[in-house]
>>> print(open('model.csv').read())   # CSV, C-alpha atoms
chain,number,residue,atom,x,y,z
L,207,MET,CA,0.0,0.0,0.0
L,208,VAL,CA,1.3,3.4,-0.9
L,209,LYS,CA,0.7,6.2,1.6
L,210,SER,CA,0.2,9.6,0.0
L,211,GLU,CA,2.3,12.4,1.3
L,212,LEU,CA,0.2,15.1,2.8
L,213,ALA,CA,2.5,16.3,5.6
L,214,ALA,CA,3.0,20.1,5.9
L,215,GLY,CA,6.4,21.6,5.3
L,216,SER,CA,7.4,19.1,2.6
L,217,HIS,CA,6.1,21.3,-0.2
L,218,ALA,CA,8.4,22.8,-2.7
L,219,PRO,CA,7.5,26.4,-3.6
L,220,GLY,CA,4.9,25.9,-6.3
L,221,PRO,CA,1.7,27.5,-7.6
L,222,ALA,CA,-0.6,29.1,-5.1
L,223,PRO,CA,-3.3,26.9,-3.6
L,224,SER,CA,-6.4,27.3,-5.8
L,225,ASN,CA,-8.5,27.0,-2.7
L,226,SER,CA,-7.8,30.5,-1.4
L,227,ALA,CA,-11.3,31.6,-2.3
L,228,THR,CA,-11.7,34.9,-4.1
L,229,THR,CA,-14.8,34.0,-6.1
L,230,LYS,CA,-18.1,33.2,-4.5
L,231,THR,CA,-19.7,30.9,-6.9
L,232,GLN,CA,-19.4,27.5,-5.2
L,233,GLY,CA,-20.6,26.3,-1.8
L,234,PRO,CA,-18.7,26.7,1.4
L,235,ARG,CA,-15.0,25.9,1.3
L,236,THR,CA,-12.7,24.6,3.9
L,237,ILE,CA,-9.8,26.9,4.7
L,238,THR,CA,-6.7,25.2,6.3
L,239,ARG,CA,-3.2,26.0,7.4
L,240,VAL,CA,-2.2,26.1,3.8
L,241,ASN,CA,-4.5,29.1,3.1
L,242,LEU,CA,-3.3,30.9,6.2
L,243,ALA,CA,0.3,30.4,5.2
L,244,GLU,CA,-0.6,31.7,1.7
L,245,ALA,CA,-2.1,34.8,3.3
L,246,VAL,CA,1.0,35.4,5.3
L,247,TYR,CA,3.1,34.8,2.1
L,248,GLN,CA,1.1,37.3,0.1
L,249,GLN,CA,0.9,40.0,2.8
L,250,VAL,CA,4.3,39.9,4.5
L,251,GLY,CA,6.7,38.9,1.8
L,252,LEU,CA,8.4,35.9,3.5
L,253,SER,CA,9.1,32.7,1.6
L,254,ARG,CA,6.2,30.2,1.4
L,255,LYS,CA,8.2,27.9,3.6
L,256,GLU,CA,8.8,30.4,6.3
L,257,SER,CA,5.2,31.6,6.1
L,258,ALA,CA,4.0,28.1,6.8
L,259,ALA,CA,6.5,27.8,9.7
L,260,LEU,CA,5.2,31.0,11.2
L,261,VAL,CA,1.6,30.0,11.0
L,262,GLU,CA,2.6,26.8,12.9
L,263,MET,CA,4.5,28.8,15.5
L,264,VAL,CA,1.5,31.1,16.1
L,265,LEU,CA,-0.9,28.2,16.6
L,266,ASP,CA,1.7,26.4,18.7
L,267,GLU,CA,2.2,29.4,21.0
L,268,MET,CA,-1.6,29.7,21.5
L,269,THR,CA,-2.0,26.0,22.1
L,270,ASN,CA,0.8,26.0,24.7
L,271,ARG,CA,-0.7,29.0,26.6
L,272,LEU,CA,-4.1,27.3,26.6
L,273,ILE,CA,-2.7,24.0,27.8
L,274,ALA,CA,-1.1,25.9,30.6
L,275,GLY,CA,-4.6,27.0,31.5
L,276,GLU,CA,-4.0,30.6,30.4
L,277,PRO,CA,-6.7,32.5,28.4
L,278,VAL,CA,-5.7,33.8,25.0
L,279,ARG,CA,-7.4,37.1,24.1
L,280,LEU,CA,-7.1,38.4,20.6
L,281,SER,CA,-8.6,41.8,20.2
L,282,SER,CA,-11.1,42.3,17.4
L,283,PHE,CA,-11.1,38.5,16.9
L,284,GLY,CA,-12.1,36.8,20.0
L,285,SER,CA,-10.9,35.0,23.2
L,286,PHE,CA,-10.2,31.4,24.1
L,287,THR,CA,-10.5,30.4,27.7
L,288,VAL,CA,-10.1,27.0,29.4
L,289,ARG,CA,-13.0,26.0,31.6
L,290,HIS,CA,-12.9,23.4,34.3
L,291,LYS,CA,-15.9,21.0,34.3
L,292,GLY,CA,-16.7,18.9,37.4
L,293,GLN,CA,-17.5,15.3,37.3
L,294,ARG,CA,-21.2,14.5,36.5
L,295,ILE,CA,-23.4,11.6,35.6
L,296,GLY,CA,-24.2,11.4,31.9
L,297,ARG,CA,-26.5,9.1,30.0
L,298,ASN,CA,-26.1,7.3,26.7
L,299,PRO,CA,-29.0,8.9,24.9
L,300,LYS,CA,-29.6,5.7,22.9
L,301,THR,CA,-29.7,3.2,25.6
L,302,GLY,CA,-30.4,5.3,28.7
L,303,VAL,CA,-27.5,3.7,30.5
L,304,GLU,CA,-25.8,6.0,33.0
L,305,VAL,CA,-22.1,6.7,32.5
L,306,PRO,CA,-19.9,8.8,34.7
L,307,ILE,CA,-18.3,11.8,32.9
L,308,LYS,CA,-15.0,12.5,34.5
L,309,GLU,CA,-13.8,15.9,35.6
L,310,ARG,CA,-12.2,17.6,32.6
L,311,ARG,CA,-11.1,20.8,31.0
L,312,VAL,CA,-12.8,22.3,27.9
L,313,LEU,CA,-11.8,25.1,25.6
L,314,VAL,CA,-14.3,27.8,25.0
L,315,PHE,CA,-14.2,30.4,22.2
L,316,LYS,CA,-16.0,33.7,22.5
L,317,SER,CA,-16.0,35.7,19.4
L,318,SER,CA,-15.6,39.5,19.5
L,319,ASN,CA,-18.4,41.8,18.5
L,320,LEU,CA,-16.4,42.8,15.4
L,321,LEU,CA,-16.1,39.1,14.2
L,322,LYS,CA,-19.9,38.7,14.8
L,323,ALA,CA,-20.6,41.8,12.8
L,324,ARG,CA,-18.3,40.8,10.0
L,325,ILE,CA,-20.1,37.4,9.8
L,326,ASN,CA,-23.4,39.1,9.5
L,327,GLY,CA,-22.1,41.4,6.7
L,328,GLN,CA,-22.5,44.5,8.8
L,329,LEU,CA,-18.9,45.7,8.4
L,330,ALA,CA,-16.6,46.0,5.4
L,331,GLU,CA,-13.5,43.9,5.1
L,332,GLY,CA,-10.5,45.0,7.2
L,333,GLY,CA,-12.3,46.6,10.1
L,334,ASP,CA,-9.9,46.9,12.9
L,335,ASP,CA,-10.2,47.0,16.7
D,1148,MET,CA,-2.0,36.2,26.8
D,1149,ILE,CA,-3.2,39.0,24.6
D,1150,LYS,CA,-2.4,39.7,21.0
D,1151,SER,CA,0.6,42.0,21.7
D,1152,GLU,CA,2.1,39.3,24.0
D,1153,LEU,CA,1.6,36.7,21.3
D,1154,VAL,CA,3.4,39.0,18.9
D,1155,GLN,CA,6.2,39.5,21.3
D,1156,ARG,CA,6.7,35.8,22.0
D,1157,ILE,CA,6.9,35.0,18.2
D,1158,ALA,CA,9.3,37.9,17.8
D,1159,ASP,CA,11.5,36.6,20.5
D,1160,ARG,CA,11.7,33.3,18.7
D,1161,ASN,CA,12.5,35.0,15.4
D,1162,PRO,CA,15.2,37.6,16.0
D,1163,HIS,CA,15.6,38.2,12.2
D,1164,LEU,CA,12.0,39.6,12.0
D,1165,TYR,CA,10.9,43.1,12.9
D,1166,LEU,CA,8.2,43.3,15.6
D,1167,ARG,CA,6.0,45.1,13.0
D,1168,ASP,CA,6.3,42.2,10.6
D,1169,VAL,CA,5.3,39.7,13.3
D,1170,GLU,CA,2.3,41.8,14.0
D,1171,LYS,CA,1.4,41.7,10.3
D,1172,ILE,CA,1.8,37.9,10.3
D,1173,VAL,CA,-0.6,37.5,13.3
D,1174,ASN,CA,-3.1,39.9,11.8
D,1175,ALA,CA,-2.9,38.2,8.3
D,1176,ILE,CA,-3.7,34.9,10.0
D,1177,LEU,CA,-6.7,36.3,12.0
D,1178,ASP,CA,-7.9,38.3,9.0
D,1179,GLU,CA,-7.8,35.2,6.8
D,1180,ILE,CA,-9.9,33.3,9.3
D,1181,THR,CA,-12.4,36.3,9.7
D,1182,ASN,CA,-12.7,36.7,6.0
D,1183,ALA,CA,-13.3,33.0,5.4
D,1184,LEU,CA,-16.1,33.0,8.0
D,1185,ALA,CA,-17.6,36.2,6.6
D,1186,ARG,CA,-17.9,34.3,3.2
D,1187,GLY,CA,-19.5,31.4,5.1
D,1188,ASP,CA,-16.5,29.2,4.7
D,1189,ARG,CA,-15.2,26.8,7.4
D,1190,VAL,CA,-11.7,27.0,8.8
D,1191,GLU,CA,-10.2,23.7,9.9
D,1192,LEU,CA,-6.9,23.7,11.8
D,1193,ARG,CA,-6.0,20.2,12.7
D,1194,GLY,CA,-4.8,19.8,16.3
D,1195,PHE,CA,-6.2,23.1,17.2
D,1196,GLY,CA,-9.9,23.3,16.3
D,1197,ALA,CA,-12.3,24.3,13.6
D,1198,PHE,CA,-14.3,27.5,13.1
D,1199,SER,CA,-17.6,27.5,11.3
D,1200,VAL,CA,-20.7,29.7,11.0
D,1201,LYS,CA,-24.1,28.6,12.2
D,1202,ARG,CA,-27.4,30.2,11.1
D,1203,ARG,CA,-29.9,31.2,13.7
D,1204,ASP,CA,-33.5,31.6,12.6
D,1205,ALA,CA,-35.5,34.7,13.3
D,1206,ARG,CA,-37.4,34.4,16.5
D,1207,LEU,CA,-39.7,36.3,18.8
D,1208,GLY,CA,-37.6,37.4,21.8
D,1209,ARG,CA,-38.5,39.2,25.0
D,1210,ASN,CA,-37.1,42.1,26.7
D,1211,PRO,CA,-36.2,40.5,30.0
D,1212,ARG,CA,-36.9,43.7,31.9
D,1213,THR,CA,-40.2,44.7,30.5
D,1214,GLY,CA,-41.4,41.4,29.1
D,1215,ALA,CA,-42.3,43.1,25.8
D,1216,HIS,CA,-42.0,41.0,22.6
D,1217,VAL,CA,-39.2,41.9,20.3
D,1218,ALA,CA,-38.6,40.5,16.9
D,1219,VAL,CA,-35.1,39.1,16.6
D,1220,ASP,CA,-33.8,38.8,13.0
D,1221,GLU,CA,-32.2,35.8,11.5
D,1222,LYS,CA,-28.5,35.9,12.1
D,1223,ALA,CA,-25.2,34.0,11.7
D,1224,VAL,CA,-23.0,33.2,14.7
D,1225,PRO,CA,-19.3,32.0,14.7
D,1226,PHE,CA,-18.8,28.6,16.2
D,1227,PHE,CA,-15.6,27.0,17.4
D,1228,LYS,CA,-15.1,23.3,17.9
D,1229,THR,CA,-12.0,22.2,19.8
D,1230,GLY,CA,-9.8,19.8,17.9
D,1231,LYS,CA,-9.2,16.3,19.0
D,1232,GLU,CA,-5.5,16.7,19.8
D,1233,MET,CA,-6.1,19.9,21.7
D,1234,ARG,CA,-8.9,18.3,23.8
D,1235,GLU,CA,-6.6,15.4,24.6
D,1236,ARG,CA,-3.7,17.6,25.5
D,1237,LEU,CA,-5.9,19.8,27.7
D,1238,ASN,CA,-6.8,16.7,29.7
D,1239,ASP,CA,-3.4,14.9,29.7
D,1240,GLY,CA,-2.8,13.7,33.2
D,1241,TYR,CA,-5.9,15.4,34.3
D,1242,ASN,CA,-8.1,12.4,35.2
D,1243,GLY,CA,-8.8,13.1,38.8
>>> encode(input="model.csv", output="structure tokens")
Amino acid sequence: MVKSELAAGSHAPGPAPSNSATTKTQGPRTITRVNLAEAVYQQVGLSRKESAALVEMVLDEMTNRLIAGEPVRLSSFGSFTVRHKGQRIGRNPKTGVEVPIKERRVLVFKSSNLLKARINGQLAEGGDD
Amino acid sequence: MIKSELVQRIADRNPHLYLRDVEKIVNAILDEITNALARGDRVELRGFGAFSVKRRDARLGRNPRTGAHVAVDEKAVPFFKTGKEMRERLNDGYNG
């Protein structure tokens, strides 16, 4: 069996990903790291490879802060906070069998008013803070 | 951690970049996500989580203070679902 290579970072500089969505003719698309790296590449003028590495670094930094239990607040975008949930008794909705749900931590995202407004088409592109 | 602290941390790890450029990088990432959601697209970041947009129907709401009926228009709200790896890492060694 041949495994197809999809790992990030192994791409030679090539054509821009066609997925980066400028037209609005098809249905919803899925944006990934590749598109974020492309945006950095277009706007900052680093190499594609370095742009991808920086996207990774930003996500990494955010992840590490959150795992440390620290909130991450990004003005005009939104905030991520870690919430602590106590143990409770859950139920399998199909069978009705009770199952204990252990104490755990969950990540909560609260979007900024600006992001909400943008999603509802109330503000033009590039609104800041 | 707030945005400026995130920028500073990334800058510390990349001494060859100006702070201003790191700021541009962080903003480019956040703007790309925002613009995608504004178009109704989904943003999937493996290991971190996925952003999507959910539609909320118009409904008849109430002013909680006066009890008066208010029409609430149909709207779209951003939604974030934590990624599998993130969820696991948040709860690593946290079973008690």
>>> residues_around(input="model.csv", residues="Val261 of chain L", least_positions_apart="6", cutoff="9 Å", atoms="all atoms listed in the file", output="list in words")
Arg239, Leu242, Ala243 and Val246 of chain L; Ile1172, Val1173 and Ile1176 of chain D
>>> closest_residue(input="model.csv", among="L:Leu265, L:Pro277, L:Ala259, L:Val288", to="Tyr247 of chain L", atoms="only C-alpha atoms")
L:Ala259
>>> interface_residues(input="model.csv", of="chain L", to="chain D", cutoff="8 Å", atoms="only C-alpha atoms", output="ChimeraX atom specification")
/L:230,234-239,241-243,245-246,249-250,260-261,263-265,267-269,271-273,276-281,283,308-315,317,321-322,324-327,331-332
>>> atom_distance(input="model.csv", atom1="atom CA of Glu262 of chain L", atom2="atom CA of Phe286 of chain L")
17.6 Å
>>> atom_distance(input="model.csv", atom1="atom CA of Val1219 of chain D", atom2="atom CA of Ala323 of chain L")
15.2 Å
>>> atom_distance(input="model.csv", atom1="atom CA of Glu256 of chain L", atom2="atom CA of Ala274 of chain L")
26.6 Å
>>> build_atoms(input="model.csv", residues="segment 1157-1176 of chain D", atoms="N, CA, C and O atoms", output="JSON list (two decimals), in the frame of the given file")
[["chain", "number", "residue", "atom", "x", "y", "z"],
["D", 1157, "ILE", "N", 6.44, 35.50, 19.57],
["D", 1157, "ILE", "CA", 6.90, 35.00, 18.20],
["D", 1157, "ILE", "C", 8.10, 35.80, 17.81],
["D", 1157, "ILE", "O", 9.04, 35.24, 17.24],
["D", 1158, "ALA", "N", 8.12, 37.09, 18.12],
["D", 1158, "ALA", "CA", 9.30, 37.90, 17.80],
["D", 1158, "ALA", "C", 10.53, 37.45, 18.49],
["D", 1158, "ALA", "O", 11.62, 37.40, 17.91],
["D", 1159, "ASP", "N", 10.37, 37.07, 19.75],
["D", 1159, "ASP", "CA", 11.50, 36.60, 20.50],
["D", 1159, "ASP", "C", 12.11, 35.32, 19.91],
["D", 1159, "ASP", "O", 13.32, 35.10, 19.97],
["D", 1160, "ARG", "N", 11.25, 34.52, 19.31],
["D", 1160, "ARG", "CA", 11.70, 33.30, 18.70],
["D", 1160, "ARG", "C", 12.26, 33.49, 17.30],
["D", 1160, "ARG", "O", 12.81, 32.58, 16.69],
["D", 1161, "ASN", "N", 12.04, 34.70, 16.75],
["D", 1161, "ASN", "CA", 12.50, 35.00, 15.40],
["D", 1161, "ASN", "C", 13.24, 36.34, 15.33],
["D", 1161, "ASN", "O", 12.71, 37.32, 14.82],
["D", 1162, "PRO", "N", 14.46, 36.35, 15.86],
["D", 1162, "PRO", "CA", 15.20, 37.60, 16.00],
["D", 1162, "PRO", "C", 15.44, 38.30, 14.62],
["D", 1162, "PRO", "O", 15.73, 39.51, 14.60],
["D", 1163, "HIS", "N", 15.31, 37.57, 13.53],
["D", 1163, "HIS", "CA", 15.60, 38.20, 12.20],
["D", 1163, "HIS", "C", 14.35, 38.95, 11.70],
["D", 1163, "HIS", "O", 14.41, 39.58, 10.65],
["D", 1164, "LEU", "N", 13.22, 38.90, 12.44],
["D", 1164, "LEU", "CA", 12.00, 39.60, 12.00],
["D", 1164, "LEU", "C", 11.75, 40.85, 12.84],
["D", 1164, "LEU", "O", 12.00, 40.84, 14.05],
["D", 1165, "TYR", "N", 11.28, 41.89, 12.19],
["D", 1165, "TYR", "CA", 10.90, 43.10, 12.90],
["D", 1165, "TYR", "C", 9.56, 42.79, 13.65],
["D", 1165, "TYR", "O", 8.72, 42.05, 13.15],
["D", 1166, "LEU", "N", 9.39, 43.43, 14.80],
["D", 1166, "LEU", "CA", 8.20, 43.30, 15.60],
["D", 1166, "LEU", "C", 6.94, 43.61, 14.69],
["D", 1166, "LEU", "O", 5.92, 42.94, 14.72],
["D", 1167, "ARG", "N", 7.11, 44.68, 13.88],
["D", 1167, "ARG", "CA", 6.00, 45.10, 13.00],
["D", 1167, "ARG", "C", 5.62, 44.03, 12.02],
["D", 1167, "ARG", "O", 4.45, 43.88, 11.69],
["D", 1168, "ASP", "N", 6.61, 43.29, 11.53],
["D", 1168, "ASP", "CA", 6.30, 42.20, 10.60],
["D", 1168, "ASP", "C", 5.58, 41.06, 11.29],
["D", 1168, "ASP", "O", 4.68, 40.45, 10.72],
["D", 1169, "VAL", "N", 5.99, 40.77, 12.52],
["D", 1169, "VAL", "CA", 5.30, 39.70, 13.30],
["D", 1169, "VAL", "C", 3.88, 40.08, 13.51],
["D", 1169, "VAL", "O", 2.97, 39.26, 13.40],
["D", 1170, "GLU", "N", 3.67, 41.35, 13.80],
["D", 1170, "GLU", "CA", 2.30, 41.80, 14.00],
["D", 1170, "GLU", "C", 1.49, 41.64, 12.71],
["D", 1170, "GLU", "O", 0.33, 41.22, 12.75],
["D", 1171, "LYS", "N", 2.12, 41.93, 11.58],
["D", 1171, "LYS", "CA", 1.40, 41.70, 10.30],
["D", 1171, "LYS", "C", 1.10, 40.25, 10.07],
["D", 1171, "LYS", "O", 0.05, 39.93, 9.50],
["D", 1172, "ILE", "N", 2.02, 39.39, 10.48],
["D", 1172, "ILE", "CA", 1.80, 37.90, 10.30],
["D", 1172, "ILE", "C", 0.59, 37.50, 11.12],
["D", 1172, "ILE", "O", -0.31, 36.83, 10.60],
["D", 1173, "VAL", "N", 0.56, 37.89, 12.39],
["D", 1173, "VAL", "CA", -0.60, 37.50, 13.30],
["D", 1173, "VAL", "C", -1.87, 38.05, 12.72],
["D", 1173, "VAL", "O", -2.87, 37.35, 12.64],
["D", 1174, "ASN", "N", -1.84, 39.31, 12.30],
["D", 1174, "ASN", "CA", -3.10, 39.90, 11.80],
["D", 1174, "ASN", "C", -3.50, 39.24, 10.45],
["D", 1174, "ASN", "O", -4.69, 39.06, 10.21],
["D", 1175, "ALA", "N", -2.53, 38.87, 9.61],
["D", 1175, "ALA", "CA", -2.90, 38.20, 8.30],
["D", 1175, "ALA", "C", -3.59, 36.89, 8.63],
["D", 1175, "ALA", "O", -4.56, 36.54, 7.96],
["D", 1176, "ILE", "N", -3.12, 36.17, 9.65],
["D", 1176, "ILE", "CA", -3.70, 34.90, 10.00],
["D", 1176, "ILE", "C", -5.17, 35.11, 10.51],
["D", 1176, "ILE", "O", -6.12, 34.49, 10.03]]
